[in-house]
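Chemist: Structure in structure tokens, see below.
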Amino acid sequence: IGRRLSDVIGNHYDGIVLLTQKDKENIENDWKNVEVIPNACTFTCETRSELLNNRAIAVGNLFHVKGFSRLIDVWSIVYQRYPEWSLSIYGDGYLREELQQKINGLSLTEVVKLEGKVKNIRVAYMQSSFSLISSYEESFSLTLLEAQTCGLPVIAFDCPWGPSELITHGVDGFLIPEGDIQAFADKVCELIENKELRNEMGHNAFRHSKLFSEEEVMSRWVKLLD
């Protein structure tokens, strides 16, 4: 934001609302009227996944920014150790054919599936044991929050800015150094190997997601407007 425009915005409004704490930290000015209020999650689950199926899930448009090509690279490593586990990617987009060709080229057609769009993604989450976020950037990842709402641990690259706002590393998921394919694969294998850790993280994720309910988020808006 330019300094002149920044001064106009900062001085003109009673309040400025940003999505994440990182956004606030990266504003180069002395605004005193900045609040951080996240998106509310309208997605609800009364119960959480049992985390018993040998399946991971990833959700998002098949666009470059979502990083599904490198997620396929991650799974090619996982497959060498756990060929009985599979990855389902839900969503559609212009990279579908390219991603399918990569899956075919790595001989992963039996374990990595491009599922397209579905009407009820909740069912897919509930049939999975953890969720994977491979994005190069996220403003605020609602798919991550959806997964937590269903009680899934989440592994994500620590990209700007969403994942670090929603995942507590080692508590309800893992944050992976940006671009480290091997480290990502290692954490996937850790969740596969450790059923107790999966359950503990899933419980923590389910509990954490309640902080982003419509009721909780709207109460922060009401407080700001009052």
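Letters for chains follow the order of the structure tokens (A, B, ...), residue numbers begin at 1 for each chain, and ligand numbers begin at 1 in the order shown.
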How would you write, as number ranges by chain, the set of residues in segment 83-194 of chain A that DSSP gives as helix (DSSP H, G or I)?
Modeler: A: 96-105, 121-126, 142-149, 162-166, 181-193
Chemist: Using only C-alpha atoms, which residues sit within 7 Å of Ile16 of chain A once same-chain residues fewer than 4 positions away are excluded, as a list in words?
Modeler: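 Returned residues: Asn33, Val34 and Glu35 of chain A.
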Chemist: Store the residues picked out above in a file with all heavy atoms, as a CSV table (one decimal), in the first residue's frame.
Modeler:
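What landed in part-v5.csv:
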```
chain,number,residue,atom,x,y,z
A,33,ASN,N,-6.0,1.6,14.8
A,33,ASN,CA,-7.4,1.1,14.7
A,33,ASN,C,-7.6,-0.2,14.0
A,33,ASN,O,-8.6,-0.4,13.3
A,33,ASN,CB,-8.3,2.2,14.1
A,33,ASN,CG,-7.7,2.7,12.8
A,33,ASN,OD1,-6.6,2.3,12.4
A,33,ASN,ND2,-8.5,3.5,12.1
A,34,VAL,N,-6.6,-1.0,14.0
A,34,VAL,CA,-6.6,-2.3,13.2
A,34,VAL,C,-7.1,-3.4,14.1
A,34,VAL,O,-6.6,-3.6,15.2
A,34,VAL,CB,-5.3,-2.6,12.6
A,34,VAL,CG1,-5.3,-4.0,11.9
A,34,VAL,CG2,-4.8,-1.5,11.7
A,35,GLU,N,-8.1,-4.2,13.6
A,35,GLU,CA,-8.6,-5.4,14.3
A,35,GLU,C,-8.4,-6.6,13.4
A,35,GLU,O,-8.4,-6.5,12.2
A,35,GLU,CB,-10.1,-5.2,14.7
A,35,GLU,CG,-10.4,-4.1,15.6
A,35,GLU,CD,-10.0,-4.4,17.0
A,35,GLU,OE1,-9.8,-5.6,17.3
A,35,GLU,OE2,-9.9,-3.5,17.9
```
Chemist: Counting only C-alpha atoms, give me one row per residue of segment 32-64 of chain A with an atom at most 12 Å from an atom of segment 168-191 of chain A, showing the shortest contact pair and its distance in Å to one decimal, sorted by chain then residue number, as a Markdown table.
Modeler:
```
| residue | atom | partner | partner_atom | distance |
| --- | --- | --- | --- | --- |
| A:Leu51 | CA | A:Leu191 | CA | 10.4 |
| A:Leu52 | CA | A:Leu191 | CA | 11.5 |
| A:Asn54 | CA | A:Leu191 | CA | 10.8 |
| A:Arg55 | CA | A:Val188 | CA | 10.9 |
| A:Ala56 | CA | A:Val188 | CA | 9.0 |
| A:Ile57 | CA | A:Val188 | CA | 11.6 |
```
Chemist: Name all residues at most 10 Å from Leu71 of chain A (count only C-alpha atoms; drop same-chain ones fewer than 5 positions away) and give them as an MDAnalysis selection string.
Modeler: chainID A and resid 58 66 76 87 89 132:135 181 184:185
Chemist: Store the residues picked out above, limited to N, CA, C and O atoms, as a compact mmCIF listing (two decimals), in the first residue's frame.
Modeler:
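As written to disk, again_15.txt reads:
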```txt
# COMPACT_ATOMS: atom_id res chain seq x y z
N ALA A 58 -7.30 -33.90 0.25
CA ALA A 58 -6.91 -32.53 -0.06
C ALA A 58 -8.05 -31.92 -0.87
O ALA A 58 -8.67 -32.60 -1.69
N LYS A 66 -2.51 -23.76 -5.53
CA LYS A 66 -2.85 -24.79 -4.55
C LYS A 66 -1.75 -25.84 -4.39
O LYS A 66 -1.80 -26.65 -3.47
N SER A 76 4.30 -39.58 -3.74
CA SER A 76 5.17 -40.57 -4.37
C SER A 76 6.19 -41.11 -3.37
O SER A 76 6.61 -42.28 -3.46
N LEU A 87 -4.55 -41.06 -1.51
CA LEU A 87 -4.81 -39.63 -1.42
C LEU A 87 -5.93 -39.28 -2.39
O LEU A 87 -5.85 -39.58 -3.58
N ILE A 89 -8.00 -36.10 -3.98
CA ILE A 89 -7.97 -34.65 -4.19
C ILE A 89 -9.32 -34.22 -4.77
O ILE A 89 -9.71 -34.68 -5.85
N LEU A 132 -4.42 -32.56 3.90
CA LEU A 132 -3.15 -32.01 3.45
C LEU A 132 -3.38 -30.70 2.70
O LEU A 132 -4.25 -30.61 1.83
N ILE A 133 -2.58 -29.69 3.04
CA ILE A 133 -2.64 -28.38 2.39
C ILE A 133 -1.27 -28.10 1.78
O ILE A 133 -0.28 -27.98 2.49
N SER A 134 -1.23 -27.99 0.45
CA SER A 134 0.06 -27.84 -0.24
C SER A 134 0.20 -26.49 -0.93
O SER A 134 1.09 -26.30 -1.76
N SER A 135 -0.63 -25.53 -0.57
CA SER A 135 -0.68 -24.24 -1.26
C SER A 135 0.63 -23.46 -1.16
O SER A 135 1.37 -23.57 -0.17
N ILE A 181 9.61 -30.96 0.49
CA ILE A 181 8.80 -32.13 0.11
C ILE A 181 9.08 -33.31 1.03
O ILE A 181 8.16 -34.01 1.48
N PHE A 184 7.57 -32.90 4.49
CA PHE A 184 6.12 -33.08 4.40
C PHE A 184 5.79 -34.57 4.38
O PHE A 184 4.92 -35.05 5.13
N ALA A 185 6.48 -35.32 3.52
CA ALA A 185 6.24 -36.76 3.42
C ALA A 185 6.53 -37.47 4.74
O ALA A 185 5.79 -38.38 5.14
```
Chemist: List the spatial neighbours of Ile103 of chain A as a VMD selection string - criterion: any atom at most 8 Å away, only C-alpha atoms, same-chain residues fewer than 6 positions off excluded.
Modeler: chain A and resid 72 109 112
Chemist: I'd like the neighbourhood of segment 149-165 of chain A as a compact mmCIF listing (two decimals) with N, CA, C and O atoms, in the first residue's frame, where a residue qualifies if any of its atoms comes within 7 Å (using only C-alpha atoms), though same-chain residues fewer than 2 positions away should be ignored.
Modeler:
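This is the output file around23.txt:
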```txt
# COMPACT_ATOMS: atom_id res chain seq x y z
N THR A 20 -5.90 -11.91 9.20
CA THR A 20 -4.92 -12.66 9.99
C THR A 20 -3.99 -11.72 10.76
O THR A 20 -3.80 -10.56 10.39
N LYS A 22 -0.83 -12.07 10.88
CA LYS A 22 0.32 -11.81 10.01
C LYS A 22 0.07 -10.61 9.10
O LYS A 22 0.97 -9.82 8.84
N THR A 44 -20.34 -27.23 9.48
CA THR A 44 -20.48 -27.81 10.82
C THR A 44 -20.47 -29.33 10.76
O THR A 44 -20.91 -29.94 9.78
N CYS A 45 -19.96 -29.94 11.82
CA CYS A 45 -20.01 -31.40 12.01
C CYS A 45 -20.33 -31.66 13.48
O CYS A 45 -19.65 -31.12 14.37
N ARG A 48 -16.95 -36.16 14.94
CA ARG A 48 -15.70 -36.07 14.18
C ARG A 48 -15.35 -37.41 13.55
O ARG A 48 -15.84 -38.46 13.99
N SER A 49 -14.52 -37.37 12.55
CA SER A 49 -14.10 -38.59 11.87
C SER A 49 -13.41 -39.54 12.84
O SER A 49 -12.70 -39.12 13.77
N TYR A 125 -14.63 -35.74 3.99
CA TYR A 125 -13.79 -35.48 5.16
C TYR A 125 -13.97 -36.58 6.21
O TYR A 125 -12.99 -37.07 6.79
N MET A 126 -15.20 -36.97 6.44
CA MET A 126 -15.49 -37.96 7.49
C MET A 126 -14.94 -39.34 7.16
O MET A 126 -14.75 -40.18 8.04
N SER A 129 -8.56 -39.66 7.15
CA SER A 129 -7.85 -39.70 8.44
C SER A 129 -7.01 -38.47 8.71
O SER A 129 -6.62 -38.23 9.85
N PHE A 130 -6.70 -37.69 7.70
CA PHE A 130 -6.05 -36.40 7.88
C PHE A 130 -6.13 -35.63 6.57
O PHE A 130 -6.42 -36.19 5.51
N SER A 131 -5.90 -34.32 6.67
CA SER A 131 -6.01 -33.44 5.51
C SER A 131 -4.65 -32.82 5.19
O SER A 131 -3.84 -32.59 6.09
N LEU A 132 -4.42 -32.56 3.90
CA LEU A 132 -3.15 -32.01 3.45
C LEU A 132 -3.38 -30.70 2.70
O LEU A 132 -4.25 -30.61 1.83
N ILE A 133 -2.58 -29.69 3.04
CA ILE A 133 -2.64 -28.38 2.39
C ILE A 133 -1.27 -28.10 1.78
O ILE A 133 -0.28 -27.98 2.49
N SER A 134 -1.23 -27.99 0.45
CA SER A 134 0.06 -27.84 -0.24
C SER A 134 0.20 -26.49 -0.93
O SER A 134 1.09 -26.30 -1.76
N SER A 135 -0.63 -25.53 -0.57
CA SER A 135 -0.68 -24.24 -1.26
C SER A 135 0.63 -23.46 -1.16
O SER A 135 1.37 -23.57 -0.17
N TYR A 136 0.87 -22.64 -2.18
CA TYR A 136 1.99 -21.71 -2.15
C TYR A 136 1.64 -20.47 -1.34
O TYR A 136 2.52 -19.81 -0.79
N GLU A 137 0.36 -20.15 -1.27
CA GLU A 137 -0.11 -19.05 -0.42
C GLU A 137 -1.59 -19.24 -0.13
O GLU A 137 -2.31 -19.87 -0.89
N GLU A 138 -2.03 -18.69 0.98
CA GLU A 138 -3.43 -18.72 1.38
C GLU A 138 -3.73 -17.42 2.11
O GLU A 138 -2.97 -17.00 2.98
N SER A 139 -4.84 -16.79 1.77
CA SER A 139 -5.24 -15.61 2.55
C SER A 139 -5.86 -16.06 3.88
O SER A 139 -5.54 -15.53 4.94
N PHE A 140 -6.71 -17.07 3.80
CA PHE A 140 -7.30 -17.70 4.99
C PHE A 140 -7.94 -18.98 4.49
O PHE A 140 -8.84 -18.95 3.66
N SER A 141 -7.44 -20.12 4.95
CA SER A 141 -7.82 -21.39 4.35
C SER A 141 -9.09 -21.97 4.98
O SER A 141 -9.05 -22.60 6.04
N LEU A 145 -9.97 -25.20 7.75
CA LEU A 145 -10.91 -25.10 8.87
C LEU A 145 -12.02 -26.14 8.76
O LEU A 145 -12.45 -26.70 9.77
N GLU A 146 -12.47 -26.40 7.54
CA GLU A 146 -13.47 -27.46 7.35
C GLU A 146 -12.94 -28.80 7.83
O GLU A 146 -13.65 -29.57 8.49
N ALA A 147 -11.69 -29.10 7.49
CA ALA A 147 -11.09 -30.36 7.91
C ALA A 147 -11.01 -30.45 9.43
O ALA A 147 -11.34 -31.49 10.02
N ILE A 167 -3.15 -23.66 12.48
CA ILE A 167 -2.51 -24.88 12.98
C ILE A 167 -1.52 -24.54 14.08
O ILE A 167 -0.69 -23.65 13.92
N ASP A 172 -2.39 -29.82 16.78
CA ASP A 172 -3.53 -30.25 15.97
C ASP A 172 -3.14 -30.48 14.51
O ASP A 172 -3.99 -30.63 13.64
N GLY A 173 -1.83 -30.50 14.27
CA GLY A 173 -1.33 -30.74 12.92
C GLY A 173 0.15 -30.39 12.85
O GLY A 173 0.81 -30.20 13.87
N PHE A 174 0.65 -30.29 11.63
CA PHE A 174 2.06 -29.96 11.42
C PHE A 174 2.19 -28.84 10.39
O PHE A 174 1.51 -28.85 9.36
N LEU A 175 3.10 -27.90 10.66
CA LEU A 175 3.49 -26.88 9.69
C LEU A 175 4.85 -27.26 9.13
O LEU A 175 5.81 -27.46 9.89
N ILE A 176 4.93 -27.36 7.82
CA ILE A 176 6.14 -27.82 7.15
C ILE A 176 6.87 -26.63 6.53
O ILE A 176 6.24 -25.78 5.89
N PRO A 177 8.19 -26.53 6.70
CA PRO A 177 8.93 -25.45 6.05
C PRO A 177 8.60 -25.40 4.56
O PRO A 177 8.54 -26.44 3.89
N GLU A 178 8.35 -24.20 4.07
CA GLU A 178 7.90 -24.00 2.69
C GLU A 178 8.78 -24.73 1.69
O GLU A 178 10.01 -24.56 1.66
N ARG A 198 -2.68 -39.40 15.76
CA ARG A 198 -3.77 -38.97 14.88
C ARG A 198 -5.01 -38.62 15.69
O ARG A 198 -5.63 -37.58 15.49
N MET A 201 -4.45 -35.40 17.87
CA MET A 201 -4.46 -34.19 17.05
C MET A 201 -5.85 -33.92 16.48
O MET A 201 -6.29 -32.76 16.39
N GLY A 202 -6.55 -34.98 16.11
CA GLY A 202 -7.90 -34.82 15.59
C GLY A 202 -8.84 -34.23 16.63
O GLY A 202 -9.66 -33.36 16.33
N HIS A 203 -8.70 -34.70 17.87
CA HIS A 203 -9.51 -34.15 18.97
C HIS A 203 -9.20 -32.68 19.17
O HIS A 203 -10.11 -31.85 19.33
N ALA A 205 -7.95 -30.58 16.98
CA ALA A 205 -8.41 -29.82 15.82
C ALA A 205 -9.91 -29.56 15.90
O ALA A 205 -10.38 -28.44 15.63
N PHE A 206 -10.67 -30.57 16.29
CA PHE A 206 -12.11 -30.44 16.42
C PHE A 206 -12.46 -29.37 17.45
O PHE A 206 -13.33 -28.51 17.22
N SER A 209 -11.56 -25.76 16.20
CA SER A 209 -12.44 -25.23 15.16
C SER A 209 -13.61 -24.45 15.73
O SER A 209 -14.18 -23.59 15.05
```
Chemist: Record the distance separating atom CA of Asp23 of chain A and atom CA of Tyr90 of chain A, expressed in Å with one decimal.
Modeler: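 Going from atom CA of Asp23 of chain A over to atom CA of Tyr90 of chain A covers 28.4 Å.
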Chemist: Taking into account only C-alpha atoms, which residue in the set A:Asn39, A:Ser86, A:Gly93, A:Ile27 is nearest to Trp221 of chain A?
Modeler: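 With only C-alpha atoms as the atom set, the closest residue is A:Asn39.
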Chemist: Please provide as an NGL selection string all residues within 7 Å of segment 213-219 of chain A, with the sequence filter that same-chain residues fewer than 6 positions apart are discarded (counting only C-alpha atoms).
Modeler: :A and (40-42)
Chemist: Could those selected residues go to a file with N, CA, C and O atoms, as a tab-separated table (two decimals), in the first residue's frame?
Modeler:
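Below you can see selection.tsv, which holds the result:
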```
chain	number	residue	atom	x	y	z
A	40	ALA	N	-15.68	-16.62	9.45
A	40	ALA	CA	-16.43	-17.64	10.19
A	40	ALA	C	-16.58	-18.87	9.32
A	40	ALA	O	-16.64	-18.79	8.09
A	41	CYS	N	-16.63	-20.02	9.97
A	41	CYS	CA	-16.84	-21.27	9.25
A	41	CYS	C	-18.30	-21.67	9.38
A	41	CYS	O	-18.77	-21.97	10.48
A	42	THR	N	-19.02	-21.65	8.27
A	42	THR	CA	-20.43	-22.05	8.28
A	42	THR	C	-20.58	-23.56	8.18
A	42	THR	O	-21.67	-24.10	8.29
```
Chemist: Between A:Val74, A:Leu224, A:Leu142, A:Val59, which is the closest to Val118 of chain A once you count only C-alpha atoms?
Modeler: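 Checking each of A:Val74, A:Leu224, A:Leu142, A:Val59 against Val118 of chain A, counting only C-alpha atoms, the winner is A:Val59.
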Chemist: Tell me, in Å to one decimal, how far atom CA of Leu99 of chain A is from atom CA of Asn61 of chain A.
Modeler: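 Computing the Euclidean distance for atom CA of Leu99 of chain A and atom CA of Asn61 of chain A yields 12.0 Å.
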Chemist: Find, counting only C-alpha atoms, the residue in A:Leu166, A:Leu106, A:Leu114, A:Val65 that gets nearest to Gln21 of chain A.
Modeler: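 When distances to Gln21 of chain A are compared using only C-alpha atoms, the smallest one comes from A:Leu166.
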Chemist: Please report the interatomic distance between atom CA of Ser69 of chain A and atom CA of Glu84 of chain A in Å with one decimal.
Modeler: 20.9 Å
Chemist: Quick one: pick out all strand (DSSP E or B) residues within segment 27-159 of chain A from a backbone DSSP run and write them as a list in words.
Modeler: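 Residues of segment 27-159 of chain A classed as strand (DSSP E or B): Val34, Glu35, Val36, Cys41, Arg55, Ala56, Ile57, Ala58, Val59, Ser86, Leu87, Ser88, Ile89, Tyr90, Gly91, Val112, Lys113, Leu114, Glu115, Gly116, Phe130, Ser131, Leu132, Ile133, Glu138, Val154, Ile155, Ala156 and Phe157 of chain A.
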Chemist: For the residues in the current selection, export N, CA and C atoms as a tab-separated table (two decimals), in the first residue's frame.
Modeler:
```
chain	number	residue	atom	x	y	z
A	34	VAL	N	-6.58	-1.04	13.99
A	34	VAL	CA	-6.63	-2.29	13.23
A	34	VAL	C	-7.10	-3.44	14.12
A	35	GLU	N	-8.08	-4.17	13.64
A	35	GLU	CA	-8.57	-5.37	14.32
A	35	GLU	C	-8.37	-6.58	13.41
A	36	VAL	N	-8.14	-7.73	14.03
A	36	VAL	CA	-8.04	-8.99	13.29
A	36	VAL	C	-9.27	-9.82	13.61
A	41	CYS	N	-16.63	-20.02	9.97
A	41	CYS	CA	-16.84	-21.27	9.25
A	41	CYS	C	-18.30	-21.67	9.38
A	55	ARG	N	-6.71	-43.27	4.22
A	55	ARG	CA	-6.92	-42.26	3.18
A	55	ARG	C	-6.67	-40.87	3.72
A	56	ALA	N	-5.95	-40.07	2.92
A	56	ALA	CA	-5.79	-38.64	3.19
A	56	ALA	C	-6.62	-37.87	2.18
A	57	ILE	N	-6.95	-36.62	2.53
A	57	ILE	CA	-7.78	-35.79	1.66
A	57	ILE	C	-7.12	-34.44	1.45
A	58	ALA	N	-7.30	-33.90	0.25
A	58	ALA	CA	-6.91	-32.53	-0.06
A	58	ALA	C	-8.05	-31.92	-0.87
A	59	VAL	N	-8.34	-30.64	-0.61
A	59	VAL	CA	-9.49	-30.00	-1.23
A	59	VAL	C	-9.08	-28.62	-1.76
A	86	SER	N	-4.01	-44.09	0.46
A	86	SER	CA	-4.36	-43.35	-0.75
A	86	SER	C	-4.58	-41.87	-0.45
A	87	LEU	N	-4.55	-41.06	-1.51
A	87	LEU	CA	-4.81	-39.63	-1.42
A	87	LEU	C	-5.93	-39.28	-2.39
A	88	SER	N	-6.96	-38.64	-1.88
A	88	SER	CA	-8.07	-38.16	-2.71
A	88	SER	C	-8.04	-36.64	-2.76
A	89	ILE	N	-8.00	-36.10	-3.98
A	89	ILE	CA	-7.97	-34.65	-4.19
A	89	ILE	C	-9.32	-34.22	-4.77
A	90	TYR	N	-10.02	-33.37	-4.04
A	90	TYR	CA	-11.35	-32.91	-4.46
A	90	TYR	C	-11.27	-31.48	-4.98
A	91	GLY	N	-11.86	-31.26	-6.15
A	91	GLY	CA	-11.86	-29.95	-6.78
A	91	GLY	C	-11.64	-30.10	-8.27
A	112	VAL	N	-3.63	-42.22	-5.97
A	112	VAL	CA	-3.91	-40.78	-5.99
A	112	VAL	C	-5.06	-40.56	-6.97
A	113	LYS	N	-6.18	-40.06	-6.45
A	113	LYS	CA	-7.38	-39.90	-7.25
A	113	LYS	C	-7.80	-38.43	-7.31
A	114	LEU	N	-8.06	-37.94	-8.53
A	114	LEU	CA	-8.67	-36.63	-8.72
A	114	LEU	C	-10.17	-36.84	-8.74
A	115	GLU	N	-10.82	-36.49	-7.64
A	115	GLU	CA	-12.22	-36.84	-7.43
A	115	GLU	C	-13.19	-35.84	-8.04
A	116	GLY	N	-12.70	-34.67	-8.49
A	116	GLY	CA	-13.59	-33.64	-9.01
A	116	GLY	C	-14.37	-32.98	-7.89
A	130	PHE	N	-6.70	-37.69	7.70
A	130	PHE	CA	-6.05	-36.40	7.88
A	130	PHE	C	-6.13	-35.63	6.57
A	131	SER	N	-5.90	-34.32	6.67
A	131	SER	CA	-6.01	-33.44	5.51
A	131	SER	C	-4.65	-32.82	5.19
A	132	LEU	N	-4.42	-32.56	3.90
A	132	LEU	CA	-3.15	-32.01	3.45
A	132	LEU	C	-3.38	-30.70	2.70
A	133	ILE	N	-2.58	-29.69	3.04
A	133	ILE	CA	-2.64	-28.38	2.39
A	133	ILE	C	-1.27	-28.10	1.78
A	138	GLU	N	-2.03	-18.69	0.98
A	138	GLU	CA	-3.43	-18.72	1.38
A	138	GLU	C	-3.73	-17.42	2.11
A	154	VAL	N	-4.25	-31.70	10.36
A	154	VAL	CA	-3.90	-31.10	9.06
A	154	VAL	C	-2.39	-30.90	8.98
A	155	ILE	N	-1.83	-31.31	7.85
A	155	ILE	CA	-0.43	-31.03	7.55
A	155	ILE	C	-0.41	-30.01	6.42
A	156	ALA	N	0.35	-28.93	6.61
A	156	ALA	CA	0.36	-27.87	5.60
A	156	ALA	C	1.75	-27.26	5.48
A	157	PHE	N	2.08	-26.83	4.27
A	157	PHE	CA	3.26	-25.98	4.11
A	157	PHE	C	3.01	-24.66	4.83
```
